[in-house]
Amino acid sequence: MADIKQIERDPRWLPHALDMQGQRMQFVQVSRDVLSQPPFLADFKPEGAAGAAWLSFDQVRALKPETGPLHFIFHSAFCRSTLLVRALEAQGISAGLAEPGIIAQLAGAGAGAGAGAGAGAGTEAASLVKPVCDLLSRPWGQGEAVFVKPTNHANMLIPALLDARPDASAVLMTNDLAPFLRSVSRRGLMGRRWGRQLYLELMGYAGMDLGMDAREQFSMTDLQAATVGWFMSQRLFANLLAGPQGKRLRVLDGDRFNSDRADTLEAVFALAGMNVPPEKIAAIVDGPRFRSHAKLGGDFSPGAGNVAPDAPPPIVEEEIAQMQQWIGMVAQQAGLKVPLTQTLF
């Protein structure tokens, strides 16, 4: 088992999970090649007992790791954010961490509420945000930055993460409503359930008055609830851009990224204060990251079997069109242009 000094200095020992009752944090040992492959880091399981270790919260707060540049990719889901962080996993330039479980765990423990939550688990979790950010920022190679893409279910934690690292920049990644809803629909029952969960989640910390009573909200269709969740994500991002941390944030459209990959990477690196030569960016774009499925792995090419299927049935497309029209009216009343305009480049 690794000793505490080894965990402190080695970026391969990632903070992974919380045990709030036991007041301890789990670390798992992750090799570099794991960063470029599915599944998400939250789902990583060490091969044996030697690949995991627990430290008390007091021990974690006492760690003094050698920190490095840390930046974030926040997103509204189903907008190619996983592909972007996989592309940023480029040895010699930067490390890309796709959905480390510790951030979702901090959000679930109430860290986003900060000290305002009073005594208890939320305050305890909030005190761990800065130590976790510093641990995640440890360089994987000399001169490398670290880009972290949390799950969108931890977006309530965005202000706390940015406060913990005033040197960090962040991309707010999103896309239009239609491709978002198509992605929800393609996932069948679980996708539609996910859309309702997203709605409930965002109403809990970034909610708005929809002019509906509880009965009307219960009567919403699955895609209607997902639409409201998508809209509240846009509204959350807009409020962040208008706030004191806004100067460190830029909006990226997922479809624009897909069509302008080199320009996107150049802009992300520039936002992070990095001057990466064009030939190195070209090598990333022409390399394996864009030839494999970011979430499933394997060949991502026509006929490979894991390429996104055709458009949903006409009746679903009809509902999506209705949702676009409806949320457009909601956005107009709220004084918000959606989706947010790209500002990254």
# chains A, B, ... in the order shown; residues from 1 in each chain; ligands from 1

call {"tool": "select_by_dssp", "arguments": {"residues": "region 131-206 of chain A", "states": "alpha helix (DSSP H)", "output": "mmCIF file with N, CA and C atoms, in the first residue's frame"}}
result
data_model
loop_
_atom_site.group_PDB
_atom_site.id
_atom_site.type_symbol
_atom_site.label_atom_id
_atom_site.label_comp_id
_atom_site.auth_asym_id
_atom_site.auth_seq_id
_atom_site.Cartn_x
_atom_site.Cartn_y
_atom_site.Cartn_z
ATOM 1 N N PRO A 131 -8.429 21.303 -1.546
ATOM 2 C CA PRO A 131 -7.458 20.201 -1.563
ATOM 3 C C PRO A 131 -7.639 19.266 -2.743
ATOM 4 N N VAL A 132 -8.886 18.961 -3.115
ATOM 5 C CA VAL A 132 -9.120 18.074 -4.258
ATOM 6 C C VAL A 132 -8.655 18.728 -5.551
ATOM 7 N N CYS A 133 -8.968 20.001 -5.739
ATOM 8 C CA CYS A 133 -8.513 20.704 -6.949
ATOM 9 C C CYS A 133 -6.991 20.698 -7.050
ATOM 10 N N ASP A 134 -6.330 20.942 -5.937
ATOM 11 C CA ASP A 134 -4.869 20.949 -5.950
ATOM 12 C C ASP A 134 -4.319 19.560 -6.276
ATOM 13 N N LEU A 135 -4.952 18.537 -5.755
ATOM 14 C CA LEU A 135 -4.504 17.173 -6.053
ATOM 15 C C LEU A 135 -4.728 16.837 -7.532
ATOM 16 N N LEU A 136 -5.850 17.248 -8.076
ATOM 17 C CA LEU A 136 -6.120 16.981 -9.493
ATOM 18 C C LEU A 136 -5.172 17.752 -10.409
ATOM 19 N N ILE A 158 -19.684 24.484 -9.778
ATOM 20 C CA ILE A 158 -18.821 25.324 -10.625
ATOM 21 C C ILE A 158 -18.268 26.537 -9.869
ATOM 22 N N PRO A 159 -19.089 27.348 -9.201
ATOM 23 C CA PRO A 159 -18.516 28.506 -8.491
ATOM 24 C C PRO A 159 -17.463 28.119 -7.463
ATOM 25 N N ALA A 160 -17.706 27.036 -6.736
ATOM 26 C CA ALA A 160 -16.750 26.612 -5.706
ATOM 27 C C ALA A 160 -15.443 26.143 -6.327
ATOM 28 N N LEU A 161 -15.509 25.433 -7.443
ATOM 29 C CA LEU A 161 -14.296 24.970 -8.122
ATOM 30 C C LEU A 161 -13.480 26.156 -8.635
ATOM 31 N N LEU A 162 -14.161 27.137 -9.202
ATOM 32 C CA LEU A 162 -13.460 28.310 -9.716
ATOM 33 C C LEU A 162 -12.891 29.157 -8.579
ATOM 34 N N ASP A 163 -13.614 29.236 -7.469
ATOM 35 C CA ASP A 163 -13.085 29.962 -6.308
ATOM 36 C C ASP A 163 -11.853 29.277 -5.752
ATOM 37 N N ALA A 164 -11.857 27.937 -5.782
ATOM 38 C CA ALA A 164 -10.730 27.187 -5.235
ATOM 39 C C ALA A 164 -9.464 27.401 -6.047
ATOM 40 N N LEU A 177 -30.828 22.760 -28.722
ATOM 41 C CA LEU A 177 -31.780 21.886 -28.050
ATOM 42 C C LEU A 177 -32.053 20.607 -28.836
ATOM 43 N N ALA A 178 -32.189 20.711 -30.161
ATOM 44 C CA ALA A 178 -32.587 19.544 -30.956
ATOM 45 C C ALA A 178 -31.621 18.377 -30.826
ATOM 46 N N PRO A 179 -30.307 18.548 -31.030
ATOM 47 C CA PRO A 179 -29.403 17.405 -30.850
ATOM 48 C C PRO A 179 -29.378 16.893 -29.418
ATOM 49 N N PHE A 180 -29.587 17.780 -28.458
ATOM 50 C CA PHE A 180 -29.661 17.357 -27.060
ATOM 51 C C PHE A 180 -30.837 16.414 -26.854
ATOM 52 N N LEU A 181 -32.020 16.811 -27.341
ATOM 53 C CA LEU A 181 -33.210 15.976 -27.163
ATOM 54 C C LEU A 181 -33.124 14.686 -27.969
ATOM 55 N N ARG A 182 -32.492 14.723 -29.131
ATOM 56 C CA ARG A 182 -32.310 13.483 -29.892
ATOM 57 C C ARG A 182 -31.461 12.499 -29.107
ATOM 58 N N SER A 183 -30.442 13.011 -28.443
ATOM 59 C CA SER A 183 -29.592 12.130 -27.634
ATOM 60 C C SER A 183 -30.372 11.532 -26.469
ATOM 61 N N VAL A 184 -31.210 12.347 -25.845
ATOM 62 C CA VAL A 184 -32.058 11.838 -24.758
ATOM 63 C C VAL A 184 -32.977 10.743 -25.283
ATOM 64 N N SER A 185 -33.607 11.015 -26.428
ATOM 65 C CA SER A 185 -34.576 10.071 -26.987
ATOM 66 C C SER A 185 -33.930 8.757 -27.398
ATOM 67 N N ARG A 186 -32.736 8.818 -27.986
ATOM 68 C CA ARG A 186 -32.060 7.604 -28.448
ATOM 69 C C ARG A 186 -31.767 6.637 -27.314
ATOM 70 N N GLY A 188 -33.739 5.778 -25.052
ATOM 71 C CA GLY A 188 -34.935 5.070 -24.663
ATOM 72 C C GLY A 188 -35.452 5.459 -23.292
ATOM 73 N N LEU A 189 -35.982 4.475 -22.574
ATOM 74 C CA LEU A 189 -36.594 4.723 -21.277
ATOM 75 C C LEU A 189 -35.622 5.378 -20.307
ATOM 76 N N MET A 190 -34.377 4.888 -20.251
ATOM 77 C CA MET A 190 -33.412 5.445 -19.302
ATOM 78 C C MET A 190 -33.019 6.866 -19.673
ATOM 79 N N GLY A 191 -32.996 7.164 -20.980
ATOM 80 C CA GLY A 191 -32.710 8.526 -21.404
ATOM 81 C C GLY A 191 -33.811 9.485 -20.993
ATOM 82 N N ARG A 192 -35.060 9.055 -21.161
ATOM 83 C CA ARG A 192 -36.177 9.904 -20.775
ATOM 84 C C ARG A 192 -36.246 10.064 -19.253
ATOM 85 N N ARG A 193 -35.926 9.016 -18.539
ATOM 86 C CA ARG A 193 -35.867 9.130 -17.082
ATOM 87 C C ARG A 193 -34.747 10.092 -16.674
ATOM 88 N N TRP A 194 -33.617 10.002 -17.385
ATOM 89 C CA TRP A 194 -32.501 10.913 -17.110
ATOM 90 C C TRP A 194 -32.921 12.366 -17.320
ATOM 91 N N GLY A 195 -33.711 12.617 -18.375
ATOM 92 C CA GLY A 195 -34.176 13.975 -18.643
ATOM 93 C C GLY A 195 -35.017 14.525 -17.508
ATOM 94 N N ARG A 196 -35.877 13.684 -16.931
ATOM 95 C CA ARG A 196 -36.679 14.132 -15.784
ATOM 96 C C ARG A 196 -35.805 14.367 -14.552
ATOM 97 N N GLN A 197 -34.825 13.502 -14.366
ATOM 98 C CA GLN A 197 -33.922 13.688 -13.235
ATOM 99 C C GLN A 197 -33.135 14.991 -13.368
ATOM 100 N N LEU A 198 -32.700 15.303 -14.598
ATOM 101 C CA LEU A 198 -31.982 16.558 -14.833
ATOM 102 C C LEU A 198 -32.851 17.748 -14.451
ATOM 103 N N TYR A 199 -34.113 17.694 -14.858
ATOM 104 C CA TYR A 199 -35.059 18.761 -14.521
ATOM 105 C C TYR A 199 -35.169 18.931 -12.999
ATOM 106 N N LEU A 200 -35.374 17.837 -12.287
ATOM 107 C CA LEU A 200 -35.519 17.908 -10.833
ATOM 108 C C LEU A 200 -34.247 18.439 -10.179
ATOM 109 N N GLU A 201 -33.128 17.996 -10.683
ATOM 110 C CA GLU A 201 -31.831 18.390 -10.120
ATOM 111 C C GLU A 201 -31.605 19.895 -10.253
ATOM 112 N N LEU A 202 -31.815 20.414 -11.466
ATOM 113 C CA LEU A 202 -31.561 21.836 -11.710
ATOM 114 C C LEU A 202 -32.591 22.714 -11.013
ATOM 115 N N MET A 203 -33.821 22.240 -10.909
ATOM 116 C CA MET A 203 -34.816 23.011 -10.167
ATOM 117 C C MET A 203 -34.401 23.153 -8.711
ATOM 118 N N GLY A 204 -33.611 22.190 -8.226
ATOM 119 C CA GLY A 204 -33.179 22.222 -6.838
ATOM 120 C C GLY A 204 -32.151 23.292 -6.529
ATOM 121 N N TYR A 205 -31.297 23.623 -7.525
ATOM 122 C CA TYR A 205 -30.246 24.609 -7.220
ATOM 123 C C TYR A 205 -30.170 25.764 -8.212
ATOM 124 N N ALA A 206 -30.863 25.684 -9.330
ATOM 125 C CA ALA A 206 -30.845 26.771 -10.311
ATOM 126 C C ALA A 206 -32.236 26.947 -10.907
#

call {"tool": "atom_distance", "arguments": {"atom1": "CA of Asn155 (chain A)", "atom2": "CA of Gln91 (chain A)"}}
result
27.6 Å

call {"tool": "closest_atom_pairs", "arguments": {"of": "region 109-214 of chain A", "to": "region 18-33 of chain A", "cutoff": "8 Å", "atoms": "only C-alpha atoms", "output": "JSON lines"}}
result
{"residue": "A:Ala109", "atom": "CA", "partner": "A:Met20", "partner_atom": "CA", "distance": 7.8}
{"residue": "A:Ala121", "atom": "CA", "partner": "A:Met20", "partner_atom": "CA", "distance": 7.0}
{"residue": "A:Trp140", "atom": "CA", "partner": "A:Arg32", "partner_atom": "CA", "distance": 8.0}

call {"tool": "atom_distance", "arguments": {"atom1": "CA of Thr82 (chain A)", "atom2": "CA of Glu99 (chain A)"}}
result
8.6 Å

call {"tool": "residues_around", "arguments": {"residues": "Leu336 (chain A)", "least_positions_apart": "5", "cutoff": "10 Å", "atoms": "only C-alpha atoms", "output": "list in words"}}
result
Phe231, Gln234, Arg235, Ala238, Gly328, Val330 and Ala331 of chain A

call {"tool": "residues_around", "arguments": {"residues": "Leu157 (chain A)", "least_positions_apart": "5", "cutoff": "12 Å", "atoms": "only C-alpha atoms", "output": "JSON, numbers by chain"}}
result
{"A": [72, 74, 102, 103, 104, 105, 106, 107, 108, 109, 110, 111, 112, 113, 114, 122, 125, 126, 129, 130, 133, 150, 151, 152, 162, 163, 164, 205, 206, 236, 240]}

call {"tool": "write_last_selection", "arguments": {"atoms": "C-alpha atoms", "output": "PDB file, in the first residue's frame"}}
result
ATOM      1  CA  PHE A  72     -12.148  22.929 -16.511  1.00  0.00           C
ATOM      2  CA  PHE A  74     -18.166  22.317 -17.834  1.00  0.00           C
ATOM      3  CA  ILE A 102     -14.570  12.771  -6.564  1.00  0.00           C
ATOM      4  CA  ILE A 103     -16.189  15.919  -8.005  1.00  0.00           C
ATOM      5  CA  ALA A 104     -19.612  14.302  -8.282  1.00  0.00           C
ATOM      6  CA  GLN A 105     -19.171  12.972  -4.754  1.00  0.00           C
ATOM      7  CA  LEU A 106     -18.350  16.437  -3.433  1.00  0.00           C
ATOM      8  CA  ALA A 107     -21.436  17.828  -5.143  1.00  0.00           C
ATOM      9  CA  GLY A 108     -23.565  15.007  -3.767  1.00  0.00           C
ATOM     10  CA  ALA A 109     -22.259  15.723  -0.274  1.00  0.00           C
ATOM     11  CA  GLY A 110     -23.392  19.339  -0.528  1.00  0.00           C
ATOM     12  CA  ALA A 111     -20.062  21.059  -1.178  1.00  0.00           C
ATOM     13  CA  GLY A 112     -21.744  23.456  -3.609  1.00  0.00           C
ATOM     14  CA  ALA A 113     -23.755  24.928  -0.760  1.00  0.00           C
ATOM     15  CA  GLY A 114     -20.520  25.927   0.992  1.00  0.00           C
ATOM     16  CA  GLY A 122     -22.048  20.226   3.302  1.00  0.00           C
ATOM     17  CA  ALA A 125     -17.354  18.616   1.881  1.00  0.00           C
ATOM     18  CA  ALA A 126     -16.845  22.288   1.009  1.00  0.00           C
ATOM     19  CA  VAL A 129     -12.872  21.331  -2.661  1.00  0.00           C
ATOM     20  CA  LYS A 130      -9.559  23.218  -2.658  1.00  0.00           C
ATOM     21  CA  CYS A 133      -8.513  20.704  -6.949  1.00  0.00           C
ATOM     22  CA  PRO A 150     -16.706  16.967 -14.368  1.00  0.00           C
ATOM     23  CA  THR A 151     -20.086  15.355 -14.903  1.00  0.00           C
ATOM     24  CA  ASN A 152     -22.828  17.884 -15.649  1.00  0.00           C
ATOM     25  CA  LEU A 162     -13.460  28.310  -9.716  1.00  0.00           C
ATOM     26  CA  ASP A 163     -13.085  29.962  -6.308  1.00  0.00           C
ATOM     27  CA  ALA A 164     -10.730  27.187  -5.235  1.00  0.00           C
ATOM     28  CA  TYR A 205     -30.246  24.609  -7.220  1.00  0.00           C
ATOM     29  CA  ALA A 206     -30.845  26.771 -10.311  1.00  0.00           C
ATOM     30  CA  LEU A 236     -26.990  28.835 -15.201  1.00  0.00           C
ATOM     31  CA  LEU A 240     -21.923  32.557 -14.468  1.00  0.00           C
TER      32      LEU A 240
END

call {"tool": "residues_around", "arguments": {"residues": "Leu249 (chain A)", "least_positions_apart": "3", "cutoff": "7 Å", "atoms": "only C-alpha atoms", "output": "list in words"}}
result
Ser169, Ala170, Val171, Leu172, Leu241 and Gly246 of chain A

call {"tool": "residues_around", "arguments": {"residues": "Gly287 (chain A)", "least_positions_apart": "6", "cutoff": "12 Å", "atoms": "only C-alpha atoms", "output": "ChimeraX atom specification"}}
result
/A:86-90,261-262,279-281

call {"tool": "select_by_dssp", "arguments": {"residues": "region 166-307 of chain A", "states": "strand (DSSP E or B)", "output": "MDAnalysis selection string"}}
result
chainID A and resid 170:174 249:253 292 299

call {"tool": "closest_residue", "arguments": {"among": "A:His153, A:Arg215, A:Arg187, A:Arg80", "to": "Ser259 (chain A)", "atoms": "only C-alpha atoms"}}
result
A:Arg80

call {"tool": "atom_distance", "arguments": {"atom1": "CA of Ser292 (chain A)", "atom2": "CA of Pro69 (chain A)"}}
result
27.4 Å

call {"tool": "residues_around", "arguments": {"residues": "Ala2 (chain A)", "least_positions_apart": "2", "cutoff": "9 Å", "atoms": "only C-alpha atoms", "output": "ChimeraX atom specification"}}
result
/A:4-7,50-53

call {"tool": "write_last_selection", "arguments": {"atoms": "C-alpha atoms", "output": "mmCIF file, in the first residue's frame"}}
result
data_model
loop_
_atom_site.group_PDB
_atom_site.id
_atom_site.type_symbol
_atom_site.label_atom_id
_atom_site.label_comp_id
_atom_site.auth_asym_id
_atom_site.auth_seq_id
_atom_site.Cartn_x
_atom_site.Cartn_y
_atom_site.Cartn_z
ATOM 1 C CA ILE A 4 0.912 9.205 2.369
ATOM 2 C CA LYS A 5 3.909 10.952 0.782
ATOM 3 C CA GLN A 6 3.614 8.836 -2.359
ATOM 4 C CA ILE A 7 -0.089 9.675 -2.630
ATOM 5 C CA ALA A 50 -2.813 -2.270 -3.573
ATOM 6 C CA GLY A 51 -4.389 0.118 -6.095
ATOM 7 C CA ALA A 52 -6.613 1.844 -3.530
ATOM 8 C CA ALA A 53 -6.014 3.711 -0.285
#

call {"tool": "closest_residue", "arguments": {"among": "A:Ile93, A:Val228, A:Leu344, A:Val60", "to": "Thr264 (chain A)", "atoms": "only C-alpha atoms"}}
result
A:Leu344
